[in-house]
4 protein chains.
Amino acid sequence: MCGIVGASNVEESSVVISNLLFSLQHRGEEAAGMVVMDDDGQVHERKGVGWVEKVFGNGLVQDLPGKSGIGHVRYSTTGASSERNVQPIKAEFSRFGHIAIAHNGDLVGSLGIKSQVGGYFQTGTDTELFFRFIHRSHPPNLEKRILDSAVQVRGSYAAVVLAQHTLYALVDPWGFRPLTFGKFGQGYIVSSEGYDFSRLGISPIRDVRPGEMVVFEPGKEPRSEIIPNTNPPHTPCVLELIYFSSSASRVFGKDVDAVRIELGRALAREEKSDGAEDIDWVIGVPDSGSVAAGGYALERGVPLMPGLFRNHYVGRTFIKPSQRQREMDARAKLMPLPTIIRGKRLAVVDDSIIRGTVINSIVHMLYDAGAREVHVRIPSPMVSYPCLYGIDMKTEGEQIANQCGRDVEKIRGQIGCNSLRYISIEGMLKAASQGQEGATFCSACFDGNYPLI
Amino acid sequence: MCGIVGASNVEESSVVISNLLFSLQHRGEEAAGMVVMDDDGQVHERKGVGWVEKVFGNGLVQDLPGKSGIGHVRYSTTGASSERNVQPIKAEFSRFGHIAIAHNGDLVGSLGIKSQVGGYFQTGTDTELFFRFIHRSHPPNLEKRILDSAVQVRGSYAAVVLAQHTLYALVDPWGFRPLTFGKFGQGYIVSSEGYDFSRLGISPIRDVRPGEMVVFEPGKEPRSEIIPNTNPPHTPCVLELIYFSSSASRVFGKDVDAVRIELGRALAREEKSDGAEDIDWVIGVPDSGSVAAGGYALERGVPLMPGLFRNHYVGRTFIKPSQRQREMDARAKLMPLPTIIRGKRLAVVDDSIIRGTVINSIVHMLYDAGAREVHVRIPSPMVSYPCLYGIDMKTEGEQIANQCGRDVEKIRGQIGCNSLRYISIEGMLKAASQGQEGATFCSACFDGNYPLI
Amino acid sequence: MCGIVGASNVEESSVVISNLLFSLQHRGEEAAGMVVMDDDGQVHERKGVGWVEKVFGNGLVQDLPGKSGIGHVRYSTTGASSERNVQPIKAEFSRFGHIAIAHNGDLVGSLGIKSQVGGYFQTGTDTELFFRFIHRSHPPNLEKRILDSAVQVRGSYAAVVLAQHTLYALVDPWGFRPLTFGKFGQGYIVSSEGYDFSRLGISPIRDVRPGEMVVFEPGKEPRSEIIPNTNPPHTPCVLELIYFSSSASRVFGKDVDAVRIELGRALAREEKSDGAEDIDWVIGVPDSGSVAAGGYALERGVPLMPGLFRNHYVGRTFIKPSQRQREMDARAKLMPLPTIIRGKRLAVVDDSIIRGTVINSIVHMLYDAGAREVHVRIPSPMVSYPCLYGIDMKTEGEQIANQCGRDVEKIRGQIGCNSLRYISIEGMLKAASQGQEGATFCSACFDGNYPLI
Amino acid sequence: MCGIVGASNVEESSVVISNLLFSLQHRGEEAAGMVVMDDDGQVHERKGVGWVEKVFGNGLVQDLPGKSGIGHVRYSTTGASSERNVQPIKAEFSRFGHIAIAHNGDLVGSLGIKSQVGGYFQTGTDTELFFRFIHRSHPPNLEKRILDSAVQVRGSYAAVVLAQHTLYALVDPWGFRPLTFGKFGQGYIVSSEGYDFSRLGISPIRDVRPGEMVVFEPGKEPRSEIIPNTNPPHTPCVLELIYFSSSASRVFGKDVDAVRIELGRALAREEKSDGAEDIDWVIGVPDSGSVAAGGYALERGVPLMPGLFRNHYVGRTFIKPSQRQREMDARAKLMPLPTIIRGKRLAVVDDSIIRGTVINSIVHMLYDAGAREVHVRIPSPMVSYPCLYGIDMKTEGEQIANQCGRDVEKIRGQIGCNSLRYISIEGMLKAASQGQEGATFCSACFDGNYPLI
């Protein structure tokens, strides 16, 4: 779970990149980094642990010179929090000069690949494999070598590569992760999501297609190259639509908010055909459950009400925990609104349940605030398999679904709510398709069907 | 616009105070401070410009010793941003030892009073007047002197005073500002708002009443004293209910969310009797307009939909502005959701309009996102007078209502929306009363009826 | 022990003040502050705990507007380390507008005076008494009131006052503390010491005289006023010459390095007439003992050698102490040079002995490095009385001289050196006089003769 | 110019390493870093730009777990200031697990070697070549591979390698750079210099010899291995003795202070045989010229006097420079003492002259302070060749010697002093030998005789 951006032939590229990463902050709050290349082919970087504003704020990047650059925000993942592993990473090749890469996704079996290719790795990232394959590849031409590597790394990725003043934007042949680009002044911008393009003055062009590498050379039109491969079926990650991307984005050719509304609606339709529980209000869990809650409310014909508020001040590094502090922190993130909750039968819509601890805490908070009944509604299916393609689904053993033998009633019991419903896999897939014929997705975390192992 | 807290006979009072202030962060983001008193009557302070986490975080207050203390968060107000003016303020009296005070409100005509009492003032705060009056007062007893001062300062205040191991909590005779208290372990907690009391393990007791001073002496029950006065009518600030307090709070004996829902409902009722415009969705402006939007939607029978998202990462000190940066920042705070907005007739509910710049920017953002019609609905009356009691309403000349001759149609023109409706003053007051007979409020910013000049 | 500066009618006065305070850093490392006054009579401040570079560095003061200002550095003194007590302090008078004061010295019996004048004090500084006396004074004219206050505060001070665009520089009638001024561009500069004036482009004029107040009004020549008083004998603090001022300064009309060389010489002369110990090298304790060591070596005819080096990296906030850290820190400040020390009979010259802990540690370090004999030579008399005028001499009980009954041999035993010699009080006074007829000093810390109680 | 340390089998090794690096701060102020290895073979690092206290202070390293570790401080060198290049560097080998290296020196022709071995490099350091050669080496055993690499990297180095819980300490066969080790508790400590060992509780053992690799395995005695090579003559860098190492250190078997005193003496002897100029005082330029000044004064029979003081507060990041600031900064580092300088004929001893800008500024400062004559004495020969082995001697064109055609009189003219004398190369080498028969040194910067190209 990460976000990546690139800029080609853009004035003050470091400032533009910091703004783009700021718009992708929801894709990763743990670390941020950028590398820019100046007119002499020298690279300049700024990386750090923390939010975009901390790493790049206070003028820390304004002086990085260069019209091209790439950037990255990283979600917290275990074992990778050291500063060493912040992307982009870079290397100086004796044949090609400086190359920098940022990548969103997971290279399948990268530990095995690493031990197979042998030697040593200087970062803890999968991304370093790109360098190795670029080095090992035979074509004399760098571009061909990047394409070659894109085959060999084998896994889910959207990636940006900066080399020899050229920006390369790649998506793996399965198309697991989104990547889109637009025009900005005389140059081009690439980003994991484009919802903020118009605010930033960027004219959207199109998405990078699965198995495509778009090449941005200064002064030329973007050029499309094909990653040579067996041409697998496209399996974009359905979770990008369900909760990972911004609701304001258009991803995989679909408006994310439209998908989420339809997920809520479809969940409600399935429920109605199955004896829906009576409820007074629909409550969305901010922010990720809010849009689906809107769709669910529409279909149920029950009012959506803002029953939970998110405290905007949580999520920062607050006072170092004494014992007292820890006790006080537990429930600081959400606040229930008393009149809306008290005495009411509530349908509470959250995007998904992984370990179940968050929804459990919400359910208790609502009962404490006087809710008469709490009916949890999840517009995604039961998560019971790990993700191999870059999203932190925890291990199978940590997933509440597996702890409860994938038994909805047992899960409901653990969560402590009056009723619990998930959308069906079919319903979810249909909603995600938005009426597009033959749309396919990776839904391995729900059904265990891994497109690539 | 500030928040104040107090702690009496509480272990690790500095940590507790920092948590309480964190819960009041919405009442003031500009500065924070606390003063605690140790067993020897010595005072220790930590004050600074910035958010609670910045000023108190990273263990900065954990070592401040003492079981009693007071704290303050301050909203940005002109000319007062220097560190000198951060509250609480304190002084050492030859007769009474150290006294510290924090105060939320505005002392009416304080400049005049200051020049009348003469001499010199060492801070830029109104609050320093309390010290002067305590000093000038005649009773030998400190408690009596505080009561005396509470009369003479003349204005709107909720205040906490720390002296001789005792915590005093006062509200002016008009009761403009809220103040409430509860039990915490062996001691007591005072706060501007109590919505977070249960999360923090505090048992709510009751509000401090207008014209009352509650005295908290360690090891004793709280004791109530009366601020001697002509006993004016109670005029709690109606804006606390409309937008200043948290929607999760109970203020002036009313659930804030209930008031806001009713404000939305009443606005819709008034509209319906006046030929309501046809709309497809109701959209609340997060976060302040969301709850009233819920009530408005209920009454209109039109679905509430989450059409605008707040970017949680905005509001921090971001990258220092180059020209490019400034252009990019302008609209970073809210994001429209495309499918919900596109082609729709929207009622957009925001809490109030002061200068009109924010709502103007929202309206244009919605049109840009494809809205067919944008109907702005304000569940508070037209603001056309300044506040003398502590809320930053800008000068009359800055208020859009006055710039447009208090003409709704002209305001609508400037904002650029299809229609604009405010609730009536009567409707607002009735909603705020929540059915309580004879409830009175200060609504001077709407009607110019100042209870105290 | 503090340093003060002032600037009148100087462009970018905040930058100039920060540079001046940087040159006075040896007079106080604990805190620093400045107040500048802009063309409208508004004051702007920047104060903080820590070194000048920390408080003012990174552009923190460059934007403070105003051509006049005052500044202060403070030495660590007990109970005064809170940010509240950092000078300059300021107040807004209803009659005179903003007044700021910084002061170096001690007001004798200030606690008594404070309780006598009664009321309350908002800082922990003595300096606040100036505000009180200015307020209580009767003349309508501010200048006269400042003169009046200068009498009433009673104590040792060099002070700068900023009010109504005028800078006032005062020295108490006894002349305990130094203060000097010079011309800088169109304006004037005041400082505790002027050794750095030429580097900074300031043309020295003269010292402020005991009992004098020099008035700097923009566009006018400096004007001299007399502090009305009984005209006591001048008693400049001899310690300023012995160790407190910079060796590069000229203080009380004497070159400080010349005094220190003569102190060393005189000590050697006294020793020679008393059967001097045989030594191989003279070693100065850097930095404070180095210059006197030079004089001592000259008179003894024994080479001065650099046997101890000061580690320039000590004195900063280093790694927070774990137990291991503390053990390692103890002797980090000085390093002995092995060849110079080994097998040699050393005369070690340090400026003074207060508690004896530092010299004890040095003596042991030298023995550990192989010194054959260590003869400690102190070019100041035995310190056995506290200072009432602003220098931290510890309490009498903490002084090693008093712990040992003022017995040199006992002190030598505690320090553990082969021999110990102090200069006589007469010898010291004669050296400090530099041949000036009738020169008098305050030497109360040595002889208990307090000029003012 | 760098410093390196290592710790094997030491409790709280991160704290110990930070203290050791603090003692080596004079070898590099620009950056600092450490890597420690925990019981599981995982590595933890902390690196940063700035002084040791900034990078490791405030508890930043106390929690790094592990009993073995290595550390590095780096001197400012062009083009290498990015955080990427801070040492130690580390890599994970598929065969050997994590390996970390820190290295002091310069690999001769490393750019050529890099391009020869081809591929890519991920840092800008020479040090990364060790990883490449370890990887390319054929022996199955890591220790043998490190020895192999030590031959192939070809250059000047003292290095520490951390791998598989073992610490390796290496010095190149020429022995350019010092490295010494001692016992600490149950474990061992390695450091570039050992002057601080006794203060830190470390018992010195001996130096690592040229061409030796000492192996520290927990629980075993240190073991000595030989770097296979043609066994070149030993050529320790004479500049380590002249100015780079601490005067308190013992380096290459010689007390550094003894060498420096003898350099001063020898310079004086050469001068005396050549018609020495008459002088009143000898002045050392602190700190690097002080010890040689002592020797020079002894031999001349002229008193050494402390005529220049170093401002301890300079060298930190001070106020960001406005134009005014820059003008003021120029001479802030040293202060002349007026009485000692005025009217005197001075011999001023500084360690060396590279570009001549510093000594020029000192000479003018002394004339400005009233010196009658200024005679510059340099206890090292004329620097007229670049260093290939790790010391920043600037390019030949930047050296004043080459700008003046290696003509002493021309250099004197540029510096502006009354006379200028360097020691002869023979005199210098003899002083550095300290009577040791057949001692050889690298003195390439003086004579162009490069032991290794």
# chains A, B, ... in the order shown; residues from 1 in each chain; ligands from 1
>>> interface_residues(of="chain D", to="chain A", cutoff="10 Å", atoms="only C-alpha atoms", output="PyMOL selection string")
chain D and resi 44-47+82-84+89-100+111+114-124+128+131-132+134-136
>>> select_by_dssp(residues="stretch 172-364 of chain C", states="strand (DSSP E)", output="NGL selection string")
:C and (180-184 or 187-191 or 203-207 or 212-216 or 223-226 or 250-251 or 254-255 or 281-284 or 308-310 or 334-336 or 345-349)
>>> residues_around(residues="D:Asn360", least_positions_apart="6", cutoff="8 Å", atoms="only C-alpha atoms", output="list of chain:residue names")
D:Gln414, D:Ile415, D:Gly416
>>> residues_around(residues="B:Gln399", least_positions_apart="5", cutoff="12 Å", atoms="only C-alpha atoms", output="PyMOL selection string")
chain B and resi 352-357+382-387+392-394+404-406+411+445-446
>>> write_last_selection(atoms="N, CA, C and O atoms", output="PDB file, in the first residue's frame")
ATOM      1  N   SER B 352     -22.708  28.536   8.729  1.00  0.00           N
ATOM      2  CA  SER B 352     -22.912  29.983   8.764  1.00  0.00           C
ATOM      3  C   SER B 352     -22.131  30.599   7.615  1.00  0.00           C
ATOM      4  O   SER B 352     -21.307  29.942   6.983  1.00  0.00           O
ATOM      5  N   ILE B 353     -22.420  31.868   7.350  1.00  0.00           N
ATOM      6  CA  ILE B 353     -21.652  32.618   6.363  1.00  0.00           C
ATOM      7  C   ILE B 353     -21.167  33.889   7.035  1.00  0.00           C
ATOM      8  O   ILE B 353     -21.979  34.659   7.544  1.00  0.00           O
ATOM      9  N   ILE B 354     -19.863  34.090   7.052  1.00  0.00           N
ATOM     10  CA  ILE B 354     -19.348  35.341   7.631  1.00  0.00           C
ATOM     11  C   ILE B 354     -18.839  36.215   6.486  1.00  0.00           C
ATOM     12  O   ILE B 354     -19.530  37.132   6.053  1.00  0.00           O
ATOM     13  N   ARG B 355     -17.710  35.896   5.939  1.00  0.00           N
ATOM     14  CA  ARG B 355     -17.189  36.693   4.833  1.00  0.00           C
ATOM     15  C   ARG B 355     -17.634  36.153   3.478  1.00  0.00           C
ATOM     16  O   ARG B 355     -17.574  36.840   2.469  1.00  0.00           O
ATOM     17  N   GLY B 356     -18.050  34.903   3.452  1.00  0.00           N
ATOM     18  CA  GLY B 356     -18.562  34.344   2.209  1.00  0.00           C
ATOM     19  C   GLY B 356     -17.506  33.749   1.300  1.00  0.00           C
ATOM     20  O   GLY B 356     -17.824  33.165   0.264  1.00  0.00           O
ATOM     21  N   THR B 357     -16.252  33.844   1.687  1.00  0.00           N
ATOM     22  CA  THR B 357     -15.209  33.351   0.785  1.00  0.00           C
ATOM     23  C   THR B 357     -15.184  31.828   0.725  1.00  0.00           C
ATOM     24  O   THR B 357     -14.968  31.250  -0.338  1.00  0.00           O
ATOM     25  N   MET B 382     -28.564  35.463   9.203  1.00  0.00           N
ATOM     26  CA  MET B 382     -27.531  36.279   8.585  1.00  0.00           C
ATOM     27  C   MET B 382     -26.687  36.955   9.673  1.00  0.00           C
ATOM     28  O   MET B 382     -27.234  37.629  10.552  1.00  0.00           O
ATOM     29  N   VAL B 383     -25.375  36.802   9.608  1.00  0.00           N
ATOM     30  CA  VAL B 383     -24.488  37.444  10.580  1.00  0.00           C
ATOM     31  C   VAL B 383     -24.201  38.861  10.101  1.00  0.00           C
ATOM     32  O   VAL B 383     -23.607  39.053   9.042  1.00  0.00           O
ATOM     33  N   SER B 384     -24.623  39.852  10.884  1.00  0.00           N
ATOM     34  CA  SER B 384     -24.387  41.227  10.418  1.00  0.00           C
ATOM     35  C   SER B 384     -23.954  42.165  11.532  1.00  0.00           C
ATOM     36  O   SER B 384     -23.953  43.374  11.352  1.00  0.00           O
ATOM     37  N   TYR B 385     -23.567  41.612  12.673  1.00  0.00           N
ATOM     38  CA  TYR B 385     -23.034  42.439  13.759  1.00  0.00           C
ATOM     39  C   TYR B 385     -21.787  41.757  14.334  1.00  0.00           C
ATOM     40  O   TYR B 385     -21.710  40.528  14.336  1.00  0.00           O
ATOM     41  N   PRO B 386     -20.857  42.524  14.836  1.00  0.00           N
ATOM     42  CA  PRO B 386     -19.689  41.898  15.460  1.00  0.00           C
ATOM     43  C   PRO B 386     -20.036  41.305  16.822  1.00  0.00           C
ATOM     44  O   PRO B 386     -21.031  41.702  17.438  1.00  0.00           O
ATOM     45  N   CYS B 387     -19.235  40.358  17.264  1.00  0.00           N
ATOM     46  CA  CYS B 387     -19.423  39.792  18.604  1.00  0.00           C
ATOM     47  C   CYS B 387     -18.527  40.544  19.580  1.00  0.00           C
ATOM     48  O   CYS B 387     -17.351  40.771  19.314  1.00  0.00           O
ATOM     49  N   ASP B 392     -14.781  35.511  16.950  1.00  0.00           N
ATOM     50  CA  ASP B 392     -14.241  36.322  15.871  1.00  0.00           C
ATOM     51  C   ASP B 392     -15.228  36.369  14.699  1.00  0.00           C
ATOM     52  O   ASP B 392     -15.271  35.472  13.862  1.00  0.00           O
ATOM     53  N   MET B 393     -16.061  37.399  14.682  1.00  0.00           N
ATOM     54  CA  MET B 393     -17.049  37.581  13.610  1.00  0.00           C
ATOM     55  C   MET B 393     -16.546  38.560  12.569  1.00  0.00           C
ATOM     56  O   MET B 393     -17.315  39.013  11.732  1.00  0.00           O
ATOM     57  N   LYS B 394     -15.288  38.918  12.638  1.00  0.00           N
ATOM     58  CA  LYS B 394     -14.727  39.951  11.763  1.00  0.00           C
ATOM     59  C   LYS B 394     -15.447  41.281  12.029  1.00  0.00           C
ATOM     60  O   LYS B 394     -16.430  41.337  12.765  1.00  0.00           O
ATOM     61  N   CYS B 404     -23.414  43.531   1.311  1.00  0.00           N
ATOM     62  CA  CYS B 404     -24.525  43.401   0.365  1.00  0.00           C
ATOM     63  C   CYS B 404     -25.803  44.034   0.916  1.00  0.00           C
ATOM     64  O   CYS B 404     -26.925  43.665   0.506  1.00  0.00           O
ATOM     65  N   GLY B 405     -25.689  44.941   1.849  1.00  0.00           N
ATOM     66  CA  GLY B 405     -26.864  45.612   2.381  1.00  0.00           C
ATOM     67  C   GLY B 405     -27.874  44.660   2.993  1.00  0.00           C
ATOM     68  O   GLY B 405     -29.086  44.904   2.947  1.00  0.00           O
ATOM     69  N   ARG B 406     -27.371  43.579   3.555  1.00  0.00           N
ATOM     70  CA  ARG B 406     -28.234  42.569   4.192  1.00  0.00           C
ATOM     71  C   ARG B 406     -29.324  42.062   3.247  1.00  0.00           C
ATOM     72  O   ARG B 406     -30.431  41.705   3.661  1.00  0.00           O
ATOM     73  N   ILE B 411     -26.378  38.715  -1.751  1.00  0.00           N
ATOM     74  CA  ILE B 411     -25.387  37.767  -1.215  1.00  0.00           C
ATOM     75  C   ILE B 411     -25.318  36.545  -2.123  1.00  0.00           C
ATOM     76  O   ILE B 411     -24.246  36.072  -2.488  1.00  0.00           O
ATOM     77  N   CYS B 445     -24.924  38.796  17.289  1.00  0.00           N
ATOM     78  CA  CYS B 445     -24.283  38.824  15.967  1.00  0.00           C
ATOM     79  C   CYS B 445     -25.322  38.770  14.859  1.00  0.00           C
ATOM     80  O   CYS B 445     -25.062  39.180  13.727  1.00  0.00           O
ATOM     81  N   PHE B 446     -26.527  38.264  15.179  1.00  0.00           N
ATOM     82  CA  PHE B 446     -27.599  38.197  14.188  1.00  0.00           C
ATOM     83  C   PHE B 446     -28.528  39.404  14.260  1.00  0.00           C
ATOM     84  O   PHE B 446     -29.012  39.900  13.254  1.00  0.00           O
TER      85      PHE B 446
END
>>> select_by_dssp(residues="stretch 116-254 of chain C", states="alpha helix (DSSP H)", output="list in words")
Gln116, Val117, Glu128, Leu129, Phe130, Phe131, Arg132, Phe133, Ile134, His135, Arg136, Leu142, Glu143, Lys144, Arg145, Ile146, Leu147, Asp148, Ser149, Ala150, Val151, Gln152, Val238 and Leu239 of chain C
>>> write_last_selection(atoms="N, CA, C and O atoms", output="compact mmCIF listing (two decimals), in the first residue's frame")
# COMPACT_ATOMS: atom_id res chain seq x y z
N GLN C 116 7.83 44.77 50.36
CA GLN C 116 7.53 46.11 50.86
C GLN C 116 6.62 46.88 49.90
O GLN C 116 5.64 47.49 50.30
N VAL C 117 6.94 46.79 48.60
CA VAL C 117 6.07 47.50 47.65
C VAL C 117 4.77 46.75 47.45
O VAL C 117 3.78 47.31 46.98
N GLU C 128 11.61 43.37 37.26
CA GLU C 128 10.24 43.87 37.26
C GLU C 128 10.07 45.04 38.24
O GLU C 128 9.16 45.84 38.11
N LEU C 129 10.98 45.12 39.24
CA LEU C 129 10.90 46.25 40.18
C LEU C 129 11.03 47.60 39.46
O LEU C 129 10.44 48.59 39.89
N PHE C 130 11.81 47.62 38.39
CA PHE C 130 11.91 48.87 37.63
C PHE C 130 10.53 49.34 37.18
O PHE C 130 10.20 50.52 37.26
N PHE C 131 9.71 48.41 36.67
CA PHE C 131 8.36 48.79 36.22
C PHE C 131 7.57 49.38 37.37
O PHE C 131 6.90 50.39 37.25
N ARG C 132 7.68 48.72 38.50
CA ARG C 132 6.90 49.17 39.65
C ARG C 132 7.32 50.58 40.07
O ARG C 132 6.47 51.45 40.31
N PHE C 133 8.62 50.81 40.09
CA PHE C 133 9.07 52.14 40.54
C PHE C 133 8.80 53.20 39.48
O PHE C 133 8.48 54.34 39.81
N ILE C 134 8.91 52.80 38.21
CA ILE C 134 8.54 53.77 37.16
C ILE C 134 7.07 54.16 37.33
O ILE C 134 6.69 55.32 37.24
N HIS C 135 6.25 53.17 37.63
CA HIS C 135 4.82 53.43 37.81
C HIS C 135 4.54 54.31 39.03
O HIS C 135 3.72 55.23 38.98
N ARG C 136 5.25 54.04 40.12
CA ARG C 136 4.99 54.74 41.37
C ARG C 136 5.60 56.14 41.42
O ARG C 136 5.28 56.93 42.30
N LEU C 142 8.81 60.55 31.57
CA LEU C 142 9.29 59.18 31.70
C LEU C 142 10.77 59.13 32.08
O LEU C 142 11.19 58.35 32.92
N GLU C 143 11.56 59.98 31.44
CA GLU C 143 13.00 59.96 31.69
C GLU C 143 13.31 60.19 33.17
O GLU C 143 14.11 59.49 33.78
N LYS C 144 12.63 61.18 33.73
CA LYS C 144 12.81 61.46 35.16
C LYS C 144 12.39 60.26 36.00
O LYS C 144 13.00 59.94 37.02
N ARG C 145 11.33 59.61 35.58
CA ARG C 145 10.87 58.44 36.35
C ARG C 145 11.89 57.30 36.31
O ARG C 145 12.08 56.59 37.28
N ILE C 146 12.50 57.13 35.15
CA ILE C 146 13.52 56.07 35.07
C ILE C 146 14.67 56.40 36.01
O ILE C 146 15.16 55.53 36.76
N LEU C 147 15.10 57.66 36.03
CA LEU C 147 16.17 58.08 36.94
C LEU C 147 15.76 57.83 38.39
O LEU C 147 16.53 57.32 39.21
N ASP C 148 14.53 58.20 38.69
CA ASP C 148 13.98 57.98 40.02
C ASP C 148 14.03 56.50 40.41
O ASP C 148 14.45 56.14 41.52
N SER C 149 13.61 55.65 39.49
CA SER C 149 13.60 54.21 39.74
C SER C 149 15.00 53.69 39.94
O SER C 149 15.24 52.79 40.76
N ALA C 150 15.92 54.26 39.18
CA ALA C 150 17.31 53.80 39.25
C ALA C 150 17.86 54.01 40.65
O ALA C 150 18.76 53.30 41.10
N VAL C 151 17.35 54.98 41.36
CA VAL C 151 17.74 55.19 42.75
C VAL C 151 17.09 54.15 43.64
O VAL C 151 17.74 53.51 44.48
N GLN C 152 15.79 53.98 43.43
CA GLN C 152 15.03 53.16 44.36
C GLN C 152 15.30 51.67 44.28
O GLN C 152 15.11 50.94 45.25
N VAL C 238 35.71 43.37 40.95
CA VAL C 238 37.05 42.95 40.52
C VAL C 238 37.02 41.62 39.79
O VAL C 238 37.90 41.31 39.00
N LEU C 239 35.98 40.84 40.02
CA LEU C 239 35.87 39.55 39.33
C LEU C 239 35.66 39.70 37.83
O LEU C 239 35.96 38.79 37.06
>>> closest_atom_pairs(of="stretch 139-162 of chain D", to="stretch 6-12 of chain D", cutoff="12 Å", atoms="only C-alpha atoms", output="JSON lines")
{"residue": "D:Ala158", "atom": "CA", "partner": "D:Gly6", "partner_atom": "CA", "distance": 11.5}
{"residue": "D:Ala159", "atom": "CA", "partner": "D:Gly6", "partner_atom": "CA", "distance": 9.3}
{"residue": "D:Val160", "atom": "CA", "partner": "D:Gly6", "partner_atom": "CA", "distance": 6.4}
{"residue": "D:Val161", "atom": "CA", "partner": "D:Gly6", "partner_atom": "CA", "distance": 8.3}
{"residue": "D:Leu162", "atom": "CA", "partner": "D:Gly6", "partner_atom": "CA", "distance": 8.4}
